[in-house]
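Novice: I'm passing along my_file_24.tsv; it holds TSV, C-alpha atoms and all ligand atoms.
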chain	number	residue	atom	x	y	z
N	2	MET	CA	-10.05	-24.03	-8.29
N	3	PHE	CA	-8.25	-20.70	-8.53
N	4	LYS	CA	-11.04	-18.44	-9.78
N	5	THR	CA	-10.75	-15.25	-7.76
N	6	LYS	CA	-11.97	-11.66	-7.84
N	7	VAL	CA	-8.83	-10.81	-9.79
N	8	THR	CA	-9.41	-13.47	-12.49
N	9	GLN	CA	-13.04	-12.29	-12.77
N	10	MET	CA	-12.22	-8.59	-12.95
N	11	LEU	CA	-9.38	-9.00	-15.43
N	12	GLY	CA	-10.99	-11.81	-17.44
N	13	ILE	CA	-7.95	-14.10	-17.13
N	14	LYS	CA	-7.62	-17.85	-16.63
N	15	TYR	CA	-5.06	-17.93	-13.82
N	16	PRO	CA	-4.58	-15.37	-11.00
N	17	ILE	CA	-1.03	-14.64	-12.12
N	18	VAL	CA	0.36	-11.25	-13.15
N	19	GLY	CA	3.60	-11.26	-15.11
N	20	GLY	CA	5.40	-8.41	-13.35
N	21	THR	CA	6.43	-5.63	-15.67
N	22	MET	CA	10.21	-5.55	-16.18
N	23	ALA	CA	12.14	-2.55	-17.48
N	24	SER	CA	13.82	-3.20	-20.85
N	25	ILE	CA	12.32	-6.72	-20.93
N	26	SER	CA	8.51	-6.56	-20.92
N	27	ASN	CA	8.09	-5.94	-24.63
N	28	ALA	CA	5.06	-6.75	-26.75
N	29	ASP	CA	6.06	-10.33	-27.58
N	30	PHE	CA	6.84	-11.31	-23.99
N	31	VAL	CA	3.69	-9.67	-22.69
N	32	ALA	CA	1.60	-11.52	-25.26
N	33	ALA	CA	3.25	-14.82	-24.30
N	34	ILE	CA	2.31	-14.28	-20.65
N	35	SER	CA	-1.27	-13.38	-21.53
N	36	ASN	CA	-1.57	-16.31	-23.95
N	37	ALA	CA	-0.38	-18.61	-21.15
N	38	GLY	CA	-3.37	-17.65	-19.00
N	39	GLY	CA	-1.90	-14.89	-16.82
N	40	ILE	CA	-1.78	-11.20	-17.62
N	41	GLY	CA	1.29	-9.60	-19.17
N	42	VAL	CA	2.15	-5.97	-18.39
N	43	LEU	CA	3.79	-3.91	-21.14
N	44	HIS	CA	6.50	-1.57	-19.84
N	45	SER	CA	5.41	1.66	-21.54
N	46	ILE	CA	8.51	3.73	-20.75
N	47	MET	CA	10.57	1.37	-22.91
N	48	TYR	CA	8.94	3.14	-25.83
N	49	GLN	CA	10.29	6.65	-25.94
N	50	THR	CA	7.90	8.07	-28.52
N	51	ARG	CA	4.16	8.03	-28.83
N	52	ASP	CA	4.41	6.25	-32.21
N	53	GLU	CA	6.69	3.50	-30.87
N	54	PHE	CA	4.34	3.00	-27.94
N	55	ALA	CA	1.29	2.85	-30.22
N	56	ALA	CA	3.08	0.31	-32.45
N	57	ALA	CA	3.91	-1.84	-29.40
N	58	LEU	CA	0.25	-1.84	-28.37
N	59	ASP	CA	-0.72	-2.88	-31.90
N	60	ARG	CA	1.79	-5.71	-31.74
N	61	VAL	CA	0.47	-7.05	-28.43
N	62	LYS	CA	-3.04	-7.01	-29.87
N	63	LYS	CA	-1.82	-8.83	-32.98
N	64	LEU	CA	-0.16	-11.54	-30.88
N	65	THR	CA	-2.93	-12.13	-28.36
N	66	ASP	CA	-6.66	-11.72	-28.03
N	67	LYS	CA	-6.32	-12.19	-24.26
N	68	PRO	CA	-6.34	-9.36	-21.69
N	69	PHE	CA	-3.08	-7.52	-21.13
N	70	ALA	CA	-2.07	-4.47	-19.08
N	71	VAL	CA	0.22	-1.50	-19.53
N	72	ASN	CA	2.52	-0.13	-16.82
N	73	LEU	CA	2.92	3.62	-16.33
N	74	ASN	CA	6.16	4.33	-14.50
N	75	PHE	CA	6.28	6.72	-11.53
N	76	PHE	CA	9.86	5.92	-10.56
N	77	PRO	CA	12.51	8.57	-11.26
N	78	ALA	CA	13.62	8.09	-14.88
N	79	ARG	CA	16.46	9.43	-16.99
N	80	PHE	CA	14.16	9.70	-20.00
N	81	PRO	CA	10.59	10.11	-18.73
N	82	VAL	CA	7.59	10.03	-21.05
N	83	SER	CA	4.32	11.95	-20.74
N	84	GLN	CA	1.97	9.77	-18.68
N	85	SER	CA	-1.09	11.74	-19.72
N	86	GLU	CA	-0.21	11.50	-23.41
N	87	TYR	CA	0.46	7.76	-23.12
N	88	THR	CA	-2.83	7.31	-21.26
N	89	GLU	CA	-4.64	8.89	-24.21
N	90	VAL	CA	-2.85	6.53	-26.62
N	91	MET	CA	-3.96	3.63	-24.42
N	92	GLY	CA	-7.53	4.93	-24.57
N	93	GLN	CA	-7.38	5.14	-28.36
N	94	LYS	CA	-6.01	1.60	-28.60
N	95	GLY	CA	-8.65	0.19	-26.27
N	96	VAL	CA	-6.31	-0.82	-23.42
N	97	LYS	CA	-8.49	-2.11	-20.59
N	98	VAL	CA	-6.01	-2.49	-17.72
N	99	VAL	CA	-3.46	0.05	-16.52
N	100	GLU	CA	-0.87	-0.64	-13.82
N	101	THR	CA	0.99	2.19	-12.08
N	102	SER	CA	4.10	1.79	-9.96
N	103	GLY	CA	6.76	4.05	-8.52
N	104	HIS	CA	7.74	6.26	-5.64
N	105	THR	CA	4.48	8.19	-5.86
N	106	ALA	CA	0.87	7.47	-6.72
N	107	PRO	CA	-0.39	9.00	-9.98
N	108	PRO	CA	-1.87	12.51	-9.75
N	109	PRO	CA	-5.65	12.53	-9.06
N	110	GLU	CA	-6.50	13.91	-12.51
N	111	LEU	CA	-4.80	10.92	-14.14
N	112	CYS	CA	-6.63	8.53	-11.81
N	113	ARG	CA	-9.90	10.15	-12.91
N	114	ARG	CA	-8.88	9.81	-16.55
N	115	PHE	CA	-8.33	6.05	-16.12
N	116	LYS	CA	-11.96	5.82	-14.99
N	117	GLU	CA	-13.29	8.01	-17.80
N	118	LEU	CA	-11.51	5.74	-20.28
N	119	GLY	CA	-13.12	2.70	-18.63
N	120	MET	CA	-9.83	1.16	-17.52
N	121	ILE	CA	-9.27	-1.10	-14.55
N	122	TRP	CA	-6.52	0.57	-12.54
N	123	ILE	CA	-4.02	-1.54	-10.59
N	124	HIS	CA	-1.50	0.27	-8.39
N	125	LYS	CA	1.64	-1.57	-7.27
N	126	CYS	CA	3.46	-0.56	-4.09
N	127	ALA	CA	5.52	-1.90	-1.19
N	128	GLY	CA	3.67	-0.94	1.98
N	129	ALA	CA	0.25	-0.73	3.63
N	130	ARG	CA	0.15	3.07	3.78
N	131	TYR	CA	0.71	3.35	0.01
N	132	ALA	CA	-1.89	0.67	-0.68
N	133	ILE	CA	-4.49	2.55	1.38
N	134	LYS	CA	-3.65	5.79	-0.42
N	135	ALA	CA	-4.05	4.11	-3.82
N	136	GLU	CA	-7.42	2.70	-2.80
N	137	SER	CA	-8.53	6.15	-1.65
N	138	LEU	CA	-7.55	7.54	-5.06
N	139	GLY	CA	-9.76	4.95	-6.76
N	140	ALA	CA	-7.48	1.99	-7.52
N	141	ASP	CA	-9.61	-1.01	-8.48
N	142	ILE	CA	-6.93	-3.51	-7.45
N	143	VAL	CA	-3.76	-3.03	-5.42
N	144	THR	CA	-0.58	-5.05	-5.80
N	145	VAL	CA	1.77	-5.22	-2.87
N	146	VAL	CA	5.24	-6.72	-2.85
N	147	GLY	CA	7.44	-7.75	0.05
N	148	TYR	CA	11.15	-7.45	0.67
N	149	GLU	CA	11.96	-10.59	-1.36
N	150	ASN	CA	10.82	-8.77	-4.51
N	151	GLY	CA	13.05	-8.37	-7.54
N	152	GLY	CA	13.43	-4.64	-8.29
N	153	ALA	CA	12.00	-1.90	-6.08
N	154	VAL	CA	11.50	-3.07	-2.51
N	155	GLY	CA	10.49	0.24	-0.88
N	156	ASN	CA	11.85	1.54	2.39
N	157	LEU	CA	9.96	-0.57	4.89
N	158	ASP	CA	11.81	-3.91	4.60
N	159	ILE	CA	8.71	-6.01	5.33
N	160	GLY	CA	8.73	-9.57	3.97
N	161	THR	CA	5.92	-10.96	1.83
N	162	LEU	CA	4.67	-13.27	4.61
N	163	VAL	CA	3.80	-10.26	6.76
N	164	MET	CA	3.16	-7.68	4.05
N	165	VAL	CA	0.37	-9.49	2.21
N	166	PRO	CA	-1.96	-10.28	5.15
N	167	THR	CA	-1.34	-6.86	6.71
N	168	VAL	CA	-2.43	-5.10	3.55
N	169	ALA	CA	-5.24	-7.57	2.75
N	170	GLN	CA	-6.87	-6.78	6.09
N	171	LYS	CA	-6.79	-3.05	5.42
N	172	LEU	CA	-8.24	-2.95	1.89
N	173	ARG	CA	-11.72	-3.33	0.48
N	174	VAL	CA	-10.47	-3.78	-3.10
N	175	PRO	CA	-8.82	-7.05	-4.16
N	176	LEU	CA	-5.12	-7.50	-3.52
N	177	ILE	CA	-2.39	-9.08	-5.64
N	178	GLY	CA	0.65	-10.17	-3.64
N	179	GLY	CA	4.21	-11.00	-4.54
N	180	GLY	CA	7.87	-10.90	-3.85
N	181	GLY	CA	9.35	-14.40	-3.94
N	182	VAL	CA	6.58	-16.16	-5.88
N	183	VAL	CA	8.35	-18.72	-8.06
N	184	ASP	CA	6.33	-21.95	-7.94
N	185	SER	CA	3.17	-23.70	-6.76
N	186	HIS	CA	4.18	-23.51	-3.09
N	187	SER	CA	4.69	-19.75	-3.02
N	188	PHE	CA	1.58	-19.32	-5.22
N	189	VAL	CA	-0.60	-21.16	-2.69
N	190	ALA	CA	1.10	-19.36	0.20
N	191	VAL	CA	0.37	-15.87	-1.13
N	192	LEU	CA	-3.27	-16.72	-1.93
N	193	SER	CA	-3.66	-18.21	1.54
N	194	LEU	CA	-2.37	-14.94	3.02
N	195	GLY	CA	-5.40	-13.12	1.60
N	196	ALA	CA	-4.33	-12.14	-1.92
N	197	GLU	CA	-6.65	-12.74	-4.86
N	198	GLY	CA	-3.73	-13.10	-7.23
N	199	VAL	CA	0.04	-13.26	-7.38
N	200	ILE	CA	2.67	-11.28	-9.25
N	201	MET	CA	5.89	-12.89	-10.43
N	202	GLY	CA	8.89	-11.36	-12.13
N	203	THR	CA	12.16	-13.11	-11.27
N	204	ARG	CA	10.88	-16.58	-12.21
N	205	LEU	CA	9.73	-15.31	-15.58
N	206	LEU	CA	13.26	-14.15	-16.43
N	207	VAL	CA	14.14	-17.80	-16.81
N	208	THR	CA	11.54	-18.82	-19.37
N	209	GLN	CA	11.88	-19.63	-23.06
N	210	GLU	CA	10.08	-16.49	-24.19
N	211	CYS	CA	11.89	-14.02	-21.95
N	212	PRO	CA	14.01	-11.97	-24.38
N	213	ILE	CA	17.20	-11.82	-22.25
N	214	HIS	CA	20.46	-13.53	-23.31
N	215	MET	CA	20.81	-17.26	-22.59
N	216	LYS	CA	24.04	-16.60	-20.65
N	217	LEU	CA	22.10	-14.46	-18.20
N	218	LYS	CA	19.33	-17.05	-17.91
N	219	GLN	CA	21.96	-19.70	-17.14
N	220	ALA	CA	23.62	-17.47	-14.55
N	221	LEU	CA	20.27	-16.91	-12.84
N	222	LEU	CA	19.57	-20.64	-12.89
N	223	ASN	CA	22.84	-21.19	-11.06
N	224	ALA	CA	22.14	-18.44	-8.51
N	225	THR	CA	20.88	-19.07	-4.98
N	226	GLU	CA	18.87	-17.09	-2.43
N	227	LEU	CA	22.19	-15.56	-1.30
N	228	ASP	CA	22.94	-14.00	-4.68
N	229	THR	CA	20.87	-10.82	-4.41
N	230	MET	CA	21.52	-7.56	-2.61
N	231	VAL	CA	19.64	-4.32	-2.01
N	232	ILE	CA	21.28	-1.26	-3.54
N	233	MET	CA	20.23	2.34	-4.19
N	234	ARG	CA	19.05	2.96	-0.64
N	235	SER	CA	19.63	6.68	-1.21
N	236	VAL	CA	17.45	6.94	-4.34
N	237	GLY	CA	14.95	4.10	-3.88
N	238	PRO	CA	16.05	0.64	-2.75
N	239	HIS	CA	16.19	-2.09	-5.39
N	240	ARG	CA	16.92	-5.78	-4.97
N	241	VAL	CA	19.34	-6.89	-7.68
N	242	TRP	CA	21.49	-9.85	-8.67
N	243	ILE	CA	25.00	-9.54	-7.23
N	244	ASN	CA	27.50	-8.82	-9.99
N	245	GLU	CA	30.43	-6.42	-10.33
N	246	VAL	CA	28.34	-3.39	-11.15
N	247	ALA	CA	25.90	-3.99	-8.27
N	248	GLN	CA	28.86	-4.15	-5.89
N	249	LYS	CA	30.34	-1.03	-7.46
N	250	CYS	CA	27.03	0.75	-6.97
N	251	ALA	CA	27.02	-0.18	-3.28
N	252	GLU	CA	30.61	1.12	-2.98
N	253	VAL	CA	29.94	4.51	-4.57
N	254	GLU	CA	26.77	4.92	-2.55
N	255	ALA	CA	28.72	4.35	0.63
N	256	THR	CA	30.89	7.32	-0.33
N	257	GLY	CA	27.85	9.58	-0.82
N	258	ALA	CA	27.48	9.40	-4.63
N	259	SER	CA	24.94	11.71	-6.27
N	260	PHE	CA	21.65	10.62	-7.83
N	261	GLU	CA	23.16	11.13	-11.32
N	262	GLU	CA	26.22	9.00	-10.58
N	263	ILE	CA	24.08	6.15	-9.29
N	264	VAL	CA	21.55	6.31	-12.10
N	265	ASN	CA	24.31	6.44	-14.72
N	266	LEU	CA	25.76	3.28	-13.24
N	267	VAL	CA	22.53	1.30	-13.12
N	268	SER	CA	20.78	2.21	-16.36
N	269	GLY	CA	21.32	2.81	-20.03
N	270	GLU	CA	23.58	0.99	-22.49
N	271	ALA	CA	25.30	-1.11	-19.82
N	272	THR	CA	22.00	-2.70	-18.83
N	273	ARG	CA	21.20	-3.44	-22.47
N	274	ARG	CA	24.60	-5.09	-22.93
N	275	THR	CA	23.93	-7.39	-19.97
N	276	TYR	CA	20.38	-8.28	-20.99
N	277	TYR	CA	20.94	-8.68	-24.70
N	278	GLU	CA	24.66	-9.33	-25.26
N	279	GLY	CA	25.14	-11.52	-22.18
N	280	GLU	CA	27.95	-9.35	-20.73
N	281	LEU	CA	27.13	-10.34	-17.20
N	282	ASP	CA	29.07	-7.73	-15.24
N	283	ARG	CA	28.12	-4.65	-17.27
N	284	GLY	CA	24.68	-3.68	-16.00
N	285	VAL	CA	22.45	-4.06	-12.96
N	286	VAL	CA	19.86	-6.84	-13.09
N	287	PRO	CA	16.87	-6.53	-10.72
N	288	CYS	CA	16.33	-9.95	-9.17
N	289	GLY	CA	14.32	-11.37	-6.27
N	290	GLN	CA	15.36	-13.74	-3.50
N	291	GLY	CA	13.36	-16.51	-5.15
N	292	VAL	CA	16.05	-16.77	-7.83
N	293	GLY	CA	17.57	-20.17	-8.30
N	294	GLN	CA	14.77	-22.14	-6.67
N	295	ARG	CA	14.05	-23.86	-9.96
N	296	HIS	CA	16.47	-25.30	-12.48
N	297	ASP	CA	14.68	-25.41	-15.80
N	298	ILE	CA	13.79	-22.98	-18.56
N	299	PRO	CA	10.15	-23.76	-19.37
N	300	THR	CA	7.80	-21.97	-21.72
N	301	VAL	CA	5.58	-19.54	-19.84
N	302	LYS	CA	2.60	-21.79	-20.57
N	303	ASP	CA	4.29	-24.88	-19.12
N	304	LEU	CA	5.36	-22.83	-16.09
N	305	PHE	CA	1.85	-21.53	-15.38
N	306	ASP	CA	0.09	-24.84	-16.13
N	307	GLY	CA	2.54	-26.63	-13.84
N	308	ILE	CA	2.07	-24.12	-11.02
N	309	ILE	CA	-1.71	-24.40	-11.18
N	310	LYS	CA	-1.71	-28.21	-11.38
N	311	GLN	CA	0.68	-28.63	-8.45
N	312	ALA	CA	-1.08	-25.89	-6.47
N	313	SER	CA	-4.36	-27.81	-6.82
N	314	GLU	CA	-2.61	-30.93	-5.51
N	315	ILE	CA	-1.15	-29.00	-2.57
N	316	VAL	CA	-4.54	-27.58	-1.61
N	317	THR	CA	-6.20	-30.99	-1.90
N	318	LYS	CA	-3.49	-32.59	0.21
N	319	LEU	CA	-3.76	-29.89	2.87
N	320	ALA	CA	-7.55	-30.29	2.99
N	321	ARG	CA	-7.16	-34.04	3.58
N	322	SER	CA	-4.54	-33.72	6.32
N	401	LIG	C1	14.42	-7.63	-14.13
N	401	LIG	C2	13.28	-6.96	-13.41
N	401	LIG	C3	12.91	-5.67	-13.79
N	401	LIG	C4	11.84	-5.04	-13.13
N	401	LIG	N1	11.47	-3.77	-13.53
N	401	LIG	C5	10.39	-3.20	-12.96
N	401	LIG	C6	9.94	-1.91	-13.39
N	401	LIG	O1	10.55	-1.28	-14.24
N	401	LIG	N2	8.83	-1.39	-12.81
N	401	LIG	C7	8.13	-2.08	-11.85
N	401	LIG	O2	7.12	-1.58	-11.38
N	401	LIG	N3	8.55	-3.28	-11.41
N	401	LIG	C8	9.64	-3.85	-11.94
N	401	LIG	N4	10.05	-5.08	-11.51
N	401	LIG	C9	9.29	-5.78	-10.45
N	401	LIG	C10	8.29	-6.80	-11.04
N	401	LIG	O3	7.32	-6.16	-11.82
N	401	LIG	C11	7.60	-7.58	-9.91
N	401	LIG	O4	6.95	-6.69	-9.02
N	401	LIG	C12	8.59	-8.44	-9.13
N	401	LIG	O5	9.49	-9.05	-10.01
N	401	LIG	C13	7.88	-9.49	-8.29
N	401	LIG	O6	8.76	-10.09	-7.38
N	401	LIG	P1	9.66	-11.38	-7.75
N	401	LIG	O7	10.75	-10.84	-8.63
N	401	LIG	O8	10.16	-11.85	-6.45
N	401	LIG	O9	8.78	-12.33	-8.46
N	401	LIG	C14	11.15	-5.71	-12.10
N	401	LIG	C15	11.56	-7.00	-11.72
N	401	LIG	C16	12.61	-7.63	-12.36
N	401	LIG	C17	13.01	-9.01	-11.91
How would this structure read if it were set down as structure tokens?

Specialist:
Amino acid sequence: MFKTKVTQMLGIKYPIVGGTMASISNADFVAAISNAGGIGVLHSIMYQTRDEFAAALDRVKKLTDKPFAVNLNFFPARFPVSQSEYTEVMGQKGVKVVETSGHTAPPPELCRRFKELGMIWIHKCAGARYAIKAESLGADIVTVVGYENGGAVGNLDIGTLVMVPTVAQKLRVPLIGGGGVVDSHSFVAVLSLGAEGVIMGTRLLVTQECPIHMKLKQALLNATELDTMVIMRSVGPHRVWINEVAQKCAEVEATGASFEEIVNLVSGEATRRTYYEGELDRGVVPCGQGVGQRHDIPTVKDLFDGIIKQASEIVTKLARS
């Protein structure tokens, strides 16, 4: 029932992209998402050397024979990597799908290189004008996320319900939509708005295979739609889970903190301690408004199979009514 242009182009079973997540989307998690019928997106900047990155690609390929993608990061980063060098590594390793995201589109020469290497290029953004720009640069698929999104929300503050159809009407290439997709209802909603696929991040944090600490998974299970806030307005707005450090970030920003002060607060060792040691108030955790809508910790496969089964029932019921 849910065969779309996106499933055809990417060669995947379900039109579901597992949103790339900084410090989380490692080879094993990406492979689990791809093996479950969606497409996992490796977060390349997690690997600070060419050799580590190449080894991560080898590991994904060892763990799955299904399609997967690699994200190239165009957000400001404390420790950037060379996008052109990493693109060449991806070419050598036979990566077929590249996703870009960030405050800017990739430079035109890199966009051309994606094509020369035969990759499908997906660009993720948070607004119609950026989507149109990406299409004009040659993006094969565009992903757009609304204000509910976990992580970067852009500056426009447009919710998914308006964002997705607005962008779908303006593009010729297929669109993936997200921000708040957590279950069969939001899956059907986003497809009905004109997307050919959905992206989900926050819901995947609370799965068996997600590598974060169980204490953090439990805390997110107990969270509600009121437990996120947008911080970093001055450097690039991000929706995050409300904890002590998120509130501290908002406080220092209000007093005109510098880019360095903010970035030092929201990244690095503190984030690792929260994700992997379960110290809940140490680091900032990107998190969407869909958090807490479900109260179980399924495998990714059970999550995706359940979404598709219930989505089919919803569509059938709607058609009968
Ligand atoms: C913990 C976390 C980390 C994320 N890190 C990134 C990132 O580094 N780069 C990026 O493009 N998107 C990042 N995202 C956004 C996701 O890829 C995806 O667009 C988003 O989660 C979809 O919205 P949802 O969270 O409402 O499902 C992150 C999201 C979360 C929840």

Novice: Between N:Val90, N:Phe80, N:Gly284, N:Ser26, which one has atoms that come closest to Glu53 in chain N, using all atoms listed in the file?

Specialist: N:Val90

Novice: In Å, with one decimal, what is the gap from CA of His124 in chain N to CA of Val191 in chain N?

Specialist: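 We find that CA of His124 in chain N and CA of Val191 in chain N lie 17.8 Å from each other.
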
Novice: Can you tell me which residues sit at most 7 Å away from ligand LIG 401 (chain N), counting only C-alpha atoms and all ligand atoms, written as a count of residues only?

Specialist: 32

Novice: Which residue gives the smallest distance to Phe69 in chain N among N:Pro81, N:Gly257, N:Gly279, N:Gly39, with all atoms listed in the file counted?

Specialist: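 Distance minimum relative to Phe69 in chain N lands on N:Gly39.
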
Novice: With only C-alpha atoms as the counted atoms, please give the residues lying no more than 12 Å from Val207 in chain N, apart from itself and same-chain residues fewer than 4 positions off, as number ranges by chain.

Specialist: N: 25, 183, 201-203, 211-224, 288, 291-301, 304

Novice: How big is the axis-aligned box, and where does its centre sit, when it encloses all atoms of range 54-66 of chain N listed in the file and has 3 Å added on every side, reported in Å to one decimal as AutoDock Vina command-line options?

Specialist:
--center_x -1.2 --center_y -4.6 --center_z -30.5 --size_x 17.0 --size_y 21.1 --size_z 11.0

Novice: As an exercise, work out the distance from CA of Leu281 in chain N to CA of Val241 in chain N in Å and give it to one decimal place.

Specialist: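 Computing the Euclidean distance for CA of Leu281 in chain N and CA of Val241 in chain N yields 12.8 Å.
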
Novice: Find the distance between CA of Thr208 in chain N and CA of Val96 in chain N and write it in Å to one decimal.

Specialist: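 Atom-to-atom, CA of Thr208 in chain N and CA of Val96 in chain N are spaced 25.7 Å apart.
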
Novice: Up to 10 Å from (0.5, 1.8, -13.4) in the file's coordinates: name the residues, counting all atoms listed in the file, as a PDB file with C-alpha atoms, keeping the file's coordinate frame.

Specialist:
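The result, stored in out_14.pdb:
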ATOM      1  CA  THR N  21       6.430  -5.630 -15.670  1.00  0.00           C
ATOM      2  CA  VAL N  42       2.150  -5.970 -18.390  1.00  0.00           C
ATOM      3  CA  HIS N  44       6.500  -1.570 -19.840  1.00  0.00           C
ATOM      4  CA  SER N  45       5.410   1.660 -21.540  1.00  0.00           C
ATOM      5  CA  ALA N  70      -2.070  -4.470 -19.080  1.00  0.00           C
ATOM      6  CA  VAL N  71       0.220  -1.500 -19.530  1.00  0.00           C
ATOM      7  CA  ASN N  72       2.520  -0.130 -16.820  1.00  0.00           C
ATOM      8  CA  LEU N  73       2.920   3.620 -16.330  1.00  0.00           C
ATOM      9  CA  ASN N  74       6.160   4.330 -14.500  1.00  0.00           C
ATOM     10  CA  PHE N  75       6.280   6.720 -11.530  1.00  0.00           C
ATOM     11  CA  GLN N  84       1.970   9.770 -18.680  1.00  0.00           C
ATOM     12  CA  VAL N  98      -6.010  -2.490 -17.720  1.00  0.00           C
ATOM     13  CA  VAL N  99      -3.460   0.050 -16.520  1.00  0.00           C
ATOM     14  CA  GLU N 100      -0.870  -0.640 -13.820  1.00  0.00           C
ATOM     15  CA  THR N 101       0.990   2.190 -12.080  1.00  0.00           C
ATOM     16  CA  SER N 102       4.100   1.790  -9.960  1.00  0.00           C
ATOM     17  CA  GLY N 103       6.760   4.050  -8.520  1.00  0.00           C
ATOM     18  CA  ALA N 106       0.870   7.470  -6.720  1.00  0.00           C
ATOM     19  CA  PRO N 107      -0.390   9.000  -9.980  1.00  0.00           C
ATOM     20  CA  CYS N 112      -6.630   8.530 -11.810  1.00  0.00           C
ATOM     21  CA  TRP N 122      -6.520   0.570 -12.540  1.00  0.00           C
ATOM     22  CA  ILE N 123      -4.020  -1.540 -10.590  1.00  0.00           C
ATOM     23  CA  HIS N 124      -1.500   0.270  -8.390  1.00  0.00           C
ATOM     24  CA  LYS N 125       1.640  -1.570  -7.270  1.00  0.00           C
ATOM     25  CA  ALA N 140      -7.480   1.990  -7.520  1.00  0.00           C
TER      26      ALA N 140
END

Novice: Using only C-alpha atoms, which of the listed residues (N:Ala320, N:Ala78, N:Met233, N:Ala196) sits closest to Ile46 in chain N?

Specialist: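 Closest to Ile46 in chain N, using only C-alpha atoms: N:Ala78.
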